[in-house]
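J.: Data file input_16.pdb (PDB, C-alpha atoms) is appended below.
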```
ATOM      1  CA  MET A 299     -12.152  28.737 157.538
ATOM      2  CA  LYS A 300     -13.690  26.831 154.660
ATOM      3  CA  TYR A 301     -17.222  27.382 153.431
ATOM      4  CA  ARG A 302     -19.936  25.251 151.840
ATOM      5  CA  GLN A 303     -23.162  25.986 150.006
ATOM      6  CA  LEU A 304     -26.262  25.745 152.171
ATOM      7  CA  GLY A 305     -28.436  23.860 149.734
ATOM      8  CA  GLU A 306     -30.162  26.173 147.274
ATOM      9  CA  THR A 307     -30.401  29.140 149.650
ATOM     10  CA  GLY A 308     -27.527  31.008 148.034
ATOM     11  CA  MET A 309     -25.840  31.222 151.437
ATOM     12  CA  ARG A 310     -22.241  30.060 151.614
ATOM     13  CA  VAL A 311     -21.658  29.155 155.249
ATOM     14  CA  SER A 312     -18.681  28.312 157.430
ATOM     15  CA  GLU A 313     -18.145  24.553 157.675
ATOM     16  CA  ILE A 314     -18.004  24.911 161.422
ATOM     17  CA  SER A 315     -20.519  27.467 162.544
ATOM     18  CA  LEU A 316     -21.906  28.292 165.978
ATOM     19  CA  GLY A 317     -24.930  27.029 167.865
ATOM     20  CA  THR A 318     -26.142  29.383 170.597
ATOM     21  CA  TRP A 319     -28.419  27.294 172.817
ATOM     22  CA  ALA A 320     -25.949  27.713 175.696
ATOM     23  CA  PHE A 321     -26.298  31.504 175.514
ATOM     24  CA  GLY A 322     -29.922  31.298 176.513
ATOM     25  CA  SER A 323     -30.632  28.534 178.963
ATOM     26  CA  GLU A 324     -30.368  24.918 180.079
ATOM     27  CA  TRP A 325     -26.569  24.749 180.065
ATOM     28  CA  GLY A 326     -25.962  26.188 183.507
ATOM     29  CA  ASP A 327     -25.289  29.874 184.071
ATOM     30  CA  VAL A 328     -23.542  31.573 181.150
ATOM     31  CA  PRO A 329     -22.972  35.334 181.635
ATOM     32  CA  ASP A 330     -23.954  37.552 178.724
ATOM     33  CA  GLU A 331     -20.453  39.009 178.571
ATOM     34  CA  ASP A 332     -19.036  35.502 177.984
ATOM     35  CA  SER A 333     -21.663  34.763 175.348
ATOM     36  CA  TYR A 334     -21.017  38.014 173.523
ATOM     37  CA  ALA A 335     -17.257  37.538 173.642
ATOM     38  CA  THR A 336     -17.733  34.044 172.225
ATOM     39  CA  LEU A 337     -19.867  35.384 169.373
ATOM     40  CA  ASN A 338     -17.257  37.963 168.450
ATOM     41  CA  ARG A 339     -14.352  35.527 168.662
ATOM     42  CA  ALA A 340     -16.140  33.036 166.438
ATOM     43  CA  VAL A 341     -16.815  35.706 163.814
ATOM     44  CA  ASP A 342     -13.209  36.904 164.057
ATOM     45  CA  LEU A 343     -12.138  33.358 163.150
ATOM     46  CA  GLY A 344     -14.384  33.139 160.101
ATOM     47  CA  VAL A 345     -17.768  31.930 161.358
ATOM     48  CA  ASN A 346     -20.539  33.559 159.334
ATOM     49  CA  PHE A 347     -23.526  31.397 160.292
ATOM     50  CA  LEU A 348     -25.231  31.469 163.690
ATOM     51  CA  ASP A 349     -28.007  29.158 164.823
ATOM     52  CA  THR A 350     -30.443  30.211 167.543
ATOM     53  CA  ALA A 351     -34.090  29.830 168.585
ATOM     54  CA  ASP A 352     -36.764  32.019 170.099
ATOM     55  CA  VAL A 353     -36.917  29.845 173.235
ATOM     56  CA  TYR A 354     -33.196  30.002 174.012
ATOM     57  CA  GLY A 355     -33.433  32.055 177.173
ATOM     58  CA  ASP A 356     -36.864  33.321 176.069
ATOM     59  CA  GLY A 357     -35.244  35.459 173.368
ATOM     60  CA  ARG A 358     -31.986  36.160 175.178
ATOM     61  CA  SER A 359     -29.860  34.385 172.584
ATOM     62  CA  GLU A 360     -31.600  36.148 169.674
ATOM     63  CA  LYS A 361     -31.104  39.544 171.303
ATOM     64  CA  LEU A 362     -27.381  38.934 171.789
ATOM     65  CA  ILE A 363     -27.083  38.064 168.107
ATOM     66  CA  GLY A 364     -29.099  41.166 167.214
ATOM     67  CA  ARG A 365     -26.586  43.222 169.161
ATOM     68  CA  LEU A 366     -23.753  41.538 167.267
ATOM     69  CA  LEU A 367     -25.365  42.330 163.909
ATOM     70  CA  LYS A 368     -25.637  45.979 164.885
ATOM     71  CA  ASP A 369     -22.064  46.156 166.213
ATOM     72  CA  ARG A 370     -20.541  44.449 163.150
ATOM     73  CA  PRO A 371     -22.326  45.928 160.124
ATOM     74  CA  GLY A 372     -19.356  45.216 157.859
ATOM     75  CA  ASP A 373     -19.503  41.445 158.359
ATOM     76  CA  GLU A 374     -21.776  39.301 156.201
ATOM     77  CA  LEU A 375     -23.482  37.161 158.805
ATOM     78  CA  PHE A 376     -26.349  34.731 158.346
ATOM     79  CA  VAL A 377     -28.706  33.885 161.183
ATOM     80  CA  ALA A 378     -30.954  30.852 161.447
ATOM     81  CA  THR A 379     -33.588  30.856 164.149
ATOM     82  CA  LYS A 380     -36.301  28.404 165.127
ATOM     83  CA  ALA A 381     -39.948  28.664 166.122
ATOM     84  CA  GLY A 382     -42.644  26.462 167.566
ATOM     85  CA  ARG A 383     -41.480  25.429 171.005
ATOM     86  CA  ARG A 384     -43.257  28.403 172.573
ATOM     87  CA  LEU A 385     -46.527  26.610 171.925
ATOM     88  CA  ASP A 386     -48.288  25.438 175.067
ATOM     89  CA  PRO A 387     -49.443  22.796 174.604
ATOM     90  CA  HIS A 388     -46.840  21.869 172.012
ATOM     91  CA  THR A 389     -49.110  20.221 169.444
ATOM     92  CA  ALA A 390     -49.041  19.816 165.691
ATOM     93  CA  GLU A 391     -52.242  21.860 165.395
ATOM     94  CA  GLY A 392     -50.406  24.832 166.853
ATOM     95  CA  TYR A 393     -48.112  25.012 163.829
ATOM     96  CA  ASN A 394     -50.474  27.276 161.893
ATOM     97  CA  HIS A 395     -50.095  30.600 160.118
ATOM     98  CA  GLU A 396     -51.355  32.694 163.027
ATOM     99  CA  ASN A 397     -48.951  31.237 165.568
ATOM    100  CA  ILE A 398     -45.916  30.968 163.304
ATOM    101  CA  SER A 399     -46.435  34.561 162.140
ATOM    102  CA  ALA A 400     -46.502  35.757 165.736
ATOM    103  CA  PHE A 401     -43.294  33.877 166.503
ATOM    104  CA  VAL A 402     -41.634  35.348 163.425
ATOM    105  CA  GLU A 403     -42.584  38.891 164.399
ATOM    106  CA  ARG A 404     -41.047  38.397 167.820
ATOM    107  CA  SER A 405     -37.820  37.018 166.350
ATOM    108  CA  LEU A 406     -37.630  39.906 163.894
ATOM    109  CA  GLU A 407     -37.860  42.274 166.846
ATOM    110  CA  ASN A 408     -35.304  40.382 168.932
ATOM    111  CA  LEU A 409     -32.796  40.246 166.072
ATOM    112  CA  ASP A 410     -33.711  43.741 164.876
ATOM    113  CA  VAL A 411     -33.835  42.694 161.213
ATOM    114  CA  GLU A 412     -36.384  43.147 158.457
ATOM    115  CA  ALA A 413     -36.412  39.496 157.333
ATOM    116  CA  LEU A 414     -35.126  36.240 158.781
ATOM    117  CA  ASP A 415     -32.396  34.545 156.737
ATOM    118  CA  LEU A 416     -33.655  31.105 157.714
ATOM    119  CA  LEU A 417     -36.611  30.061 159.866
ATOM    120  CA  GLN A 418     -36.742  26.461 161.049
ATOM    121  CA  LEU A 419     -39.659  24.669 162.630
ATOM    122  CA  HIS A 420     -38.341  23.678 166.051
ATOM    123  CA  CYS A 421     -38.720  19.916 166.375
ATOM    124  CA  PRO A 422     -42.493  19.816 165.944
ATOM    125  CA  PRO A 423     -44.520  16.670 166.613
ATOM    126  CA  THR A 424     -44.305  14.140 163.797
ATOM    127  CA  GLU A 425     -47.905  14.839 162.782
ATOM    128  CA  ALA A 426     -46.950  18.389 161.769
ATOM    129  CA  TYR A 427     -45.067  16.980 158.790
ATOM    130  CA  ARG A 428     -48.389  15.687 157.455
ATOM    131  CA  GLN A 429     -50.030  19.128 157.606
ATOM    132  CA  ASP A 430     -49.996  20.972 154.301
ATOM    133  CA  ASP A 431     -51.271  24.078 156.111
ATOM    134  CA  THR A 432     -48.089  24.320 158.151
ATOM    135  CA  PHE A 433     -45.842  24.510 155.112
ATOM    136  CA  GLU A 434     -48.274  26.715 153.210
ATOM    137  CA  ALA A 435     -47.963  29.155 156.122
ATOM    138  CA  LEU A 436     -44.187  29.177 155.666
ATOM    139  CA  ASP A 437     -44.540  29.723 151.921
ATOM    140  CA  ARG A 438     -46.807  32.668 152.674
ATOM    141  CA  LEU A 439     -44.248  34.200 155.048
ATOM    142  CA  VAL A 440     -41.657  34.002 152.280
ATOM    143  CA  ARG A 441     -44.031  35.770 149.874
ATOM    144  CA  ASP A 442     -44.694  38.411 152.509
ATOM    145  CA  GLY A 443     -40.959  39.093 152.853
ATOM    146  CA  LYS A 444     -40.809  38.073 156.516
ATOM    147  CA  ILE A 445     -38.486  35.123 155.949
ATOM    148  CA  LYS A 446     -36.045  34.449 153.126
ATOM    149  CA  HIS A 447     -35.874  30.664 153.478
ATOM    150  CA  PHE A 448     -37.317  27.991 155.710
ATOM    151  CA  GLY A 449     -36.398  24.552 156.926
ATOM    152  CA  VAL A 450     -36.970  22.128 159.765
ATOM    153  CA  SER A 451     -35.128  20.965 162.843
ATOM    154  CA  VAL A 452     -36.029  17.342 163.452
ATOM    155  CA  GLU A 453     -35.649  14.644 166.069
ATOM    156  CA  LYS A 454     -35.978  11.647 163.750
ATOM    157  CA  VAL A 455     -34.697  10.618 160.332
ATOM    158  CA  GLU A 456     -38.280   9.716 159.441
ATOM    159  CA  GLU A 457     -39.317  13.341 160.010
ATOM    160  CA  ALA A 458     -36.464  14.633 157.874
ATOM    161  CA  ARG A 459     -37.594  12.461 154.988
ATOM    162  CA  MET A 460     -41.210  13.558 155.438
ATOM    163  CA  ALA A 461     -40.220  17.236 155.377
ATOM    164  CA  LEU A 462     -38.660  16.864 151.941
ATOM    165  CA  GLU A 463     -42.094  16.153 150.509
ATOM    166  CA  TYR A 464     -42.617  19.918 150.652
ATOM    167  CA  PRO A 465     -40.702  21.733 147.883
ATOM    168  CA  GLY A 466     -40.161  24.900 149.925
ATOM    169  CA  VAL A 467     -38.047  23.156 152.546
ATOM    170  CA  ALA A 468     -34.481  24.322 151.960
ATOM    171  CA  THR A 469     -32.662  22.936 154.987
ATOM    172  CA  VAL A 470     -32.826  20.207 157.586
ATOM    173  CA  GLN A 471     -31.169  20.451 160.975
ATOM    174  CA  ILE A 472     -30.582  17.009 162.424
ATOM    175  CA  ILE A 473     -28.552  15.372 165.182
ATOM    176  CA  PHE A 474     -25.513  13.851 163.504
ATOM    177  CA  ASN A 475     -22.316  12.831 165.229
ATOM    178  CA  LEU A 476     -20.114   9.816 165.956
ATOM    179  CA  PHE A 477     -22.862   8.526 168.269
ATOM    180  CA  ARG A 478     -25.759   9.223 165.887
ATOM    181  CA  GLN A 479     -24.787   7.917 162.456
ATOM    182  CA  LYS A 480     -28.180   6.872 161.088
ATOM    183  CA  PRO A 481     -28.728  10.063 159.008
ATOM    184  CA  ALA A 482     -25.741   9.194 156.801
ATOM    185  CA  GLU A 483     -27.412   5.903 155.892
ATOM    186  CA  ASP A 484     -31.075   6.776 155.632
ATOM    187  CA  PHE A 485     -31.272  10.490 154.861
ATOM    188  CA  PHE A 486     -28.158  12.033 153.336
ATOM    189  CA  PRO A 487     -28.510  10.360 149.919
ATOM    190  CA  LEU A 488     -32.019  11.794 149.546
ATOM    191  CA  ALA A 489     -30.911  15.214 150.765
ATOM    192  CA  GLU A 490     -28.052  15.295 148.269
ATOM    193  CA  GLU A 491     -30.418  14.296 145.471
ATOM    194  CA  LYS A 492     -32.676  17.231 146.322
ATOM    195  CA  ASN A 493     -29.796  19.637 147.154
ATOM    196  CA  ILE A 494     -30.978  20.229 150.713
ATOM    197  CA  GLY A 495     -28.762  22.083 153.152
ATOM    198  CA  ILE A 496     -27.896  20.013 156.236
ATOM    199  CA  LEU A 497     -27.043  21.478 159.623
ATOM    200  CA  ALA A 498     -25.424  18.884 161.900
ATOM    201  CA  ARG A 499     -26.506  19.680 165.426
ATOM    202  CA  VAL A 500     -25.409  18.219 168.775
ATOM    203  CA  PRO A 501     -22.109  17.415 167.013
ATOM    204  CA  LEU A 502     -20.256  16.719 170.261
ATOM    205  CA  ALA A 503     -23.080  14.764 171.931
ATOM    206  CA  SER A 504     -23.538  17.398 174.643
ATOM    207  CA  GLY A 505     -19.858  17.168 175.530
ATOM    208  CA  LEU A 506     -19.518  13.377 175.589
ATOM    209  CA  LEU A 507     -17.303  13.737 172.520
ATOM    210  CA  SER A 508     -15.265  16.584 173.978
ATOM    211  CA  GLY A 509     -12.800  14.178 175.550
ATOM    212  CA  LYS A 510     -12.962  16.146 178.787
ATOM    213  CA  MET A 511     -15.611  14.239 180.739
ATOM    214  CA  ASN A 512     -15.308  11.521 183.341
ATOM    215  CA  ALA A 513     -17.671   9.420 185.429
ATOM    216  CA  GLY A 514     -17.498  11.861 188.323
ATOM    217  CA  ARG A 515     -18.624  14.865 186.286
ATOM    218  CA  GLU A 516     -21.543  16.704 187.893
ATOM    219  CA  PHE A 517     -23.808  19.211 186.172
ATOM    220  CA  PRO A 518     -25.758  22.142 187.632
ATOM    221  CA  ASN A 519     -29.454  21.703 188.329
ATOM    222  CA  ASN A 520     -30.298  24.063 185.442
ATOM    223  CA  ASP A 521     -28.207  22.090 182.933
ATOM    224  CA  HIS A 522     -30.165  19.689 180.715
ATOM    225  CA  ARG A 523     -27.353  17.166 181.124
ATOM    226  CA  ASN A 524     -28.559  16.902 184.706
ATOM    227  CA  PHE A 525     -32.349  16.970 184.353
ATOM    228  CA  ASN A 526     -33.074  15.577 180.868
ATOM    229  CA  ARG A 527     -31.100  12.345 180.635
ATOM    230  CA  GLU A 528     -34.335  10.357 180.508
ATOM    231  CA  GLY A 529     -36.310  12.931 178.523
ATOM    232  CA  ALA A 530     -38.072  14.594 181.463
ATOM    233  CA  ALA A 531     -38.180  17.998 179.749
ATOM    234  CA  PHE A 532     -37.830  17.225 176.023
ATOM    235  CA  ASP A 533     -36.652  14.445 173.740
ATOM    236  CA  LYS A 534     -33.839  12.613 175.511
ATOM    237  CA  GLY A 535     -31.944  12.406 172.234
ATOM    238  CA  GLU A 536     -31.058  16.086 172.736
ATOM    239  CA  THR A 537     -29.011  15.141 175.795
ATOM    240  CA  PHE A 538     -25.816  13.160 175.163
ATOM    241  CA  ALA A 539     -27.411  12.245 171.798
ATOM    242  CA  GLY A 540     -29.558   9.754 173.716
ATOM    243  CA  VAL A 541     -26.565   7.660 174.808
ATOM    244  CA  PRO A 542     -26.376   6.587 178.477
ATOM    245  CA  PHE A 543     -23.617   8.639 180.095
ATOM    246  CA  GLY A 544     -21.374   5.795 181.226
ATOM    247  CA  GLN A 545     -21.715   3.931 177.963
ATOM    248  CA  GLY A 546     -20.812   7.074 176.045
ATOM    249  CA  LEU A 547     -17.724   7.646 178.160
ATOM    250  CA  GLU A 548     -16.479   4.125 177.396
ATOM    251  CA  ALA A 549     -17.020   4.580 173.657
ATOM    252  CA  ALA A 550     -15.299   7.977 173.775
ATOM    253  CA  GLU A 551     -12.224   6.329 175.291
ATOM    254  CA  GLU A 552     -12.080   3.964 172.315
ATOM    255  CA  LEU A 553     -12.443   6.854 169.895
ATOM    256  CA  LYS A 554      -9.581   8.727 171.560
ATOM    257  CA  LYS A 555      -7.250   6.034 170.220
ATOM    258  CA  LEU A 556      -8.052   7.238 166.684
ATOM    259  CA  VAL A 557      -7.271  10.911 167.288
ATOM    260  CA  PRO A 558      -4.129  12.106 165.477
ATOM    261  CA  GLU A 559      -1.369  13.564 167.626
ATOM    262  CA  GLY A 560      -1.834  17.251 168.298
ATOM    263  CA  TYR A 561      -5.616  17.203 168.102
ATOM    264  CA  THR A 562      -8.449  16.694 170.569
ATOM    265  CA  LEU A 563     -11.347  14.271 170.511
ATOM    266  CA  ALA A 564     -13.697  17.223 169.956
ATOM    267  CA  GLN A 565     -11.759  18.298 166.890
ATOM    268  CA  PHE A 566     -11.689  14.726 165.633
ATOM    269  CA  ALA A 567     -15.470  14.453 166.097
ATOM    270  CA  LEU A 568     -16.074  17.641 164.122
ATOM    271  CA  ARG A 569     -13.640  16.592 161.389
ATOM    272  CA  TRP A 570     -15.516  13.272 161.153
ATOM    273  CA  ILE A 571     -18.764  15.129 160.483
ATOM    274  CA  LEU A 572     -17.134  17.236 157.781
ATOM    275  CA  MET A 573     -15.974  14.066 156.023
ATOM    276  CA  HIS A 574     -19.584  13.706 154.871
ATOM    277  CA  PRO A 575     -20.091  15.957 151.820
ATOM    278  CA  ALA A 576     -23.854  16.094 152.361
ATOM    279  CA  VAL A 577     -23.287  18.192 155.481
ATOM    280  CA  SER A 578     -23.346  21.949 154.935
ATOM    281  CA  CYS A 579     -22.049  22.801 158.399
ATOM    282  CA  ALA A 580     -21.696  21.568 161.953
ATOM    283  CA  ILE A 581     -23.017  23.852 164.678
ATOM    284  CA  PRO A 582     -21.227  23.126 167.962
ATOM    285  CA  GLY A 583     -22.017  25.379 170.866
ATOM    286  CA  ALA A 584     -19.500  27.192 173.025
ATOM    287  CA  LYS A 585     -19.756  29.001 176.345
ATOM    288  CA  ARG A 586     -16.423  30.789 176.140
ATOM    289  CA  PRO A 587     -14.152  32.152 173.397
ATOM    290  CA  SER A 588     -11.574  29.443 174.113
ATOM    291  CA  GLN A 589     -14.135  26.723 173.395
ATOM    292  CA  ALA A 590     -14.982  28.341 170.083
ATOM    293  CA  GLU A 591     -11.298  28.524 169.212
ATOM    294  CA  ASP A 592     -10.787  24.833 169.976
ATOM    295  CA  ASN A 593     -13.796  23.787 167.928
ATOM    296  CA  LEU A 594     -12.905  25.921 164.937
ATOM    297  CA  ALA A 595      -9.387  24.477 164.810
ATOM    298  CA  ALA A 596     -11.012  21.278 163.522
ATOM    299  CA  ASP A 597     -11.499  22.980 160.163
ATOM    300  CA  GLU A 598      -7.730  22.884 159.605
ATOM    301  CA  MET A 599      -7.418  19.225 160.523
ATOM    302  CA  PRO A 600      -6.384  16.922 157.664
ATOM    303  CA  PRO A 601      -9.019  14.557 156.242
ATOM    304  CA  LEU A 602      -9.435  11.279 158.087
ATOM    305  CA  SER A 603      -8.271   8.091 156.411
ATOM    306  CA  GLY A 604     -10.651   5.422 155.204
ATOM    307  CA  GLU A 605      -9.236   3.079 157.827
ATOM    308  CA  THR A 606      -9.993   5.601 160.568
ATOM    309  CA  MET A 607     -13.524   6.144 159.293
ATOM    310  CA  ASP A 608     -14.083   2.382 159.237
ATOM    311  CA  ARG A 609     -12.835   1.970 162.803
ATOM    312  CA  ALA A 610     -15.072   4.820 164.005
ATOM    313  CA  ARG A 611     -17.995   3.008 162.435
ATOM    314  CA  GLU A 612     -17.028  -0.250 164.144
ATOM    315  CA  ILE A 613     -17.044   1.472 167.534
ATOM    316  CA  TYR A 614     -20.479   2.892 166.786
ATOM    317  CA  ASP A 615     -21.838  -0.446 165.605
ATOM    318  CA  SER A 616     -20.651  -2.348 168.645
ATOM    319  CA  ALA A 617     -21.012   0.164 171.481
ATOM    320  CA  ILE A 618     -23.674   2.678 170.455
ATOM    321  CA  ARG A 619     -25.869   1.474 167.607
ATOM    322  CA  PRO A 620     -28.000  -0.968 169.674
ATOM    323  CA  GLU A 621     -28.890   1.873 172.051
ATOM    324  CA  VAL A 622     -29.796   4.665 169.621
ATOM    325  CA  HIS A 623     -30.106   3.641 165.989
ATOM    326  CA  HIS A 624     -33.696   2.384 166.115
ATOM    327  CA  ASN A 625     -34.959   5.274 168.271
ATOM    328  CA  TRP A 626     -34.223   8.216 166.018
TER     329      TRP A 626
END
```
Translate this file's structure into structure tokens.

T.:
Amino acid sequence: MKYRQLGETGMRVSEISLGTWAFGSEWGDVPDEDSYATLNRAVDLGVNFLDTADVYGDGRSEKLIGRLLKDRPGDELFVATKAGRRLDPHTAEGYNHENISAFVERSLENLDVEALDLLQLHCPPTEAYRQDDTFEALDRLVRDGKIKHFGVSVEKVEEARMALEYPGVATVQIIFNLFRQKPAEDFFPLAEEKNIGILARVPLASGLLSGKMNAGREFPNNDHRNFNREGAAFDKGETFAGVPFGQGLEAAEELKKLVPEGYTLAQFALRWILMHPAVSCAIPGAKRPSQAEDNLAADEMPPLSGETMDRAREIYDSAIRPEVHHNW
């Protein structure tokens, strides 16, 4: 496993890390024993950075990671969690010191740690990025020793750029994959200039870039790939990166032609992300140890050629860009 600096946090994180949304909810039923085995296998293979959120299974994901931290005291592991989506209603005004502090205390308890390595605002409304009070609250939590660093998880490139107006923001988590290439154009240069850590989330477009899906694929009722395709529960860009399912399948078939022999489309998609030096790490999820193993093998894949990168961009421009680029 190779490692990269996470901005100015001092954390050196695995290029391919692990997202744990699936451990909590909205990805069908995932038994805790499978989730915990996946966590351990990922760490065995060199992952040292885990991304979670307080709403993933209403704390279930955080508690599993807390158990891992206790069971593996000899491993240097960094945990990023997120807060804000517990607000009801989910409004910008709710991102205040009182509420964020309460969320932090709950995450500290779930993870059983004294301070959070990284707290990220969890895709707040755009107006929250115009609220000085929100970021002053985060600064105060750092001074109080509750959090070591803070960042934001965003839906839109515009929000990522707005967040960097606040000097305390150390990281930005943003959807970036072969089907969502806008950040490389309109955000990465600014992030590199300011030495901001970038977490590339939804790197496999909810499985569209796994190479394993077909038009007949059905998803359980409690899987967001069933109920959120049109944004019924949250931003539709979280599901299949906002790409219509059939359209994404067709583009994935074109991308498969670029995959070197011996590798999978998923590994190719992760290697493509790592070709961008602005990215600190990609955070694919995994439900089983075998999925984690497959994803992490991408770190050993040779760099992609300029010709391959150009062709991947052509596929995006022709098949995907008109659908997603202007939306996020």

J.: Name the residues captured by the PyMOL selection byres ((chain A and resi 435-443) around 8) when it is applied to the shown file; answer as an mmCIF file with C-alpha atoms, in the coordinates of the input.

T.:
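Wrote it out as out.cif, contents follow:
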```cif
data_model
loop_
_atom_site.group_PDB
_atom_site.id
_atom_site.type_symbol
_atom_site.label_atom_id
_atom_site.label_comp_id
_atom_site.auth_asym_id
_atom_site.auth_seq_id
_atom_site.Cartn_x
_atom_site.Cartn_y
_atom_site.Cartn_z
ATOM 1 C CA ASN A 394 -50.474 27.276 161.893
ATOM 2 C CA HIS A 395 -50.095 30.600 160.118
ATOM 3 C CA ILE A 398 -45.916 30.968 163.304
ATOM 4 C CA SER A 399 -46.435 34.561 162.140
ATOM 5 C CA ALA A 413 -36.412 39.496 157.333
ATOM 6 C CA ASP A 431 -51.271 24.078 156.111
ATOM 7 C CA THR A 432 -48.089 24.320 158.151
ATOM 8 C CA PHE A 433 -45.842 24.510 155.112
ATOM 9 C CA GLU A 434 -48.274 26.715 153.210
ATOM 10 C CA LYS A 444 -40.809 38.073 156.516
ATOM 11 C CA ILE A 445 -38.486 35.123 155.949
ATOM 12 C CA LYS A 446 -36.045 34.449 153.126
ATOM 13 C CA HIS A 447 -35.874 30.664 153.478
ATOM 14 C CA PHE A 448 -37.317 27.991 155.710
ATOM 15 C CA GLY A 466 -40.161 24.900 149.925
#
```

J.: Just how far from CA of Glu453 in chain A is CA of Ala340 in chain A, in Å to one decimal?

T.: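 Answer for the CA of Ala340 in chain A to CA of Glu453 in chain A separation: 26.8 Å.
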
J.: Where does the PyMOL selection byres ((chain A and resi 514-521) around 8) land in this file, that is, which residues does it pick, as a PyMOL selection string?

T.: chain A and resi 323-327+511-513+522-525

J.: Measuring atom to atom with only C-alpha atoms, identify which of A:Ala590, A:Ala596, A:Ala489, A:Val622 is nearest to Asp332 in chain A.

T.: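 The answer is A:Ala590, which sits nearest to Asp332 in chain A.
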
J.: How far is it from CA of Arg499 in chain A to CA of Lys555 in chain A, in Å with one decimal?

T.: 24.1 Å

J.: Output as a compact mmCIF listing (two decimals), keeping the file's coordinate frame: range 591-608 of chain A, completed with N, CA and C atoms.

T.:
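This is the output file out.txt:
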```txt
# COMPACT_ATOMS: atom_id res chain seq x y z
N GLU A 591 -12.59 28.66 169.86
CA GLU A 591 -11.30 28.52 169.21
C GLU A 591 -10.93 27.05 169.02
N ASP A 592 -11.12 26.27 170.06
CA ASP A 592 -10.79 24.83 169.98
C ASP A 592 -11.64 24.14 168.91
N ASN A 593 -12.92 24.43 168.90
CA ASN A 593 -13.80 23.79 167.93
C ASN A 593 -13.42 24.17 166.50
N LEU A 594 -13.17 25.44 166.29
CA LEU A 594 -12.90 25.92 164.94
C LEU A 594 -11.57 25.42 164.39
N ALA A 595 -10.67 25.03 165.27
CA ALA A 595 -9.39 24.48 164.81
C ALA A 595 -9.59 23.18 164.05
N ALA A 596 -10.73 22.53 164.24
CA ALA A 596 -11.01 21.28 163.52
C ALA A 596 -11.08 21.49 162.02
N ASP A 597 -11.38 22.71 161.60
CA ASP A 597 -11.50 22.98 160.16
C ASP A 597 -10.15 22.87 159.45
N GLU A 598 -9.07 22.99 160.20
CA GLU A 598 -7.73 22.88 159.60
C GLU A 598 -7.15 21.48 159.74
N MET A 599 -7.90 20.59 160.32
CA MET A 599 -7.42 19.23 160.52
C MET A 599 -7.42 18.46 159.20
N PRO A 600 -6.41 17.69 158.92
CA PRO A 600 -6.38 16.92 157.66
C PRO A 600 -7.55 15.93 157.59
N PRO A 601 -7.95 15.55 156.39
CA PRO A 601 -9.02 14.56 156.24
C PRO A 601 -8.65 13.25 156.94
N LEU A 602 -9.65 12.56 157.43
CA LEU A 602 -9.44 11.28 158.09
C LEU A 602 -9.29 10.18 157.04
N SER A 603 -8.49 9.19 157.35
CA SER A 603 -8.27 8.09 156.41
C SER A 603 -9.48 7.17 156.37
N GLY A 604 -9.58 6.40 155.30
CA GLY A 604 -10.65 5.42 155.20
C GLY A 604 -10.60 4.41 156.33
N GLU A 605 -9.39 4.03 156.73
CA GLU A 605 -9.24 3.08 157.83
C GLU A 605 -9.78 3.66 159.13
N THR A 606 -9.50 4.94 159.36
CA THR A 606 -9.99 5.60 160.57
C THR A 606 -11.51 5.69 160.55
N MET A 607 -12.07 6.05 159.41
CA MET A 607 -13.52 6.14 159.29
C MET A 607 -14.17 4.78 159.54
N ASP A 608 -13.55 3.73 159.04
CA ASP A 608 -14.08 2.38 159.24
C ASP A 608 -14.06 1.99 160.72
```
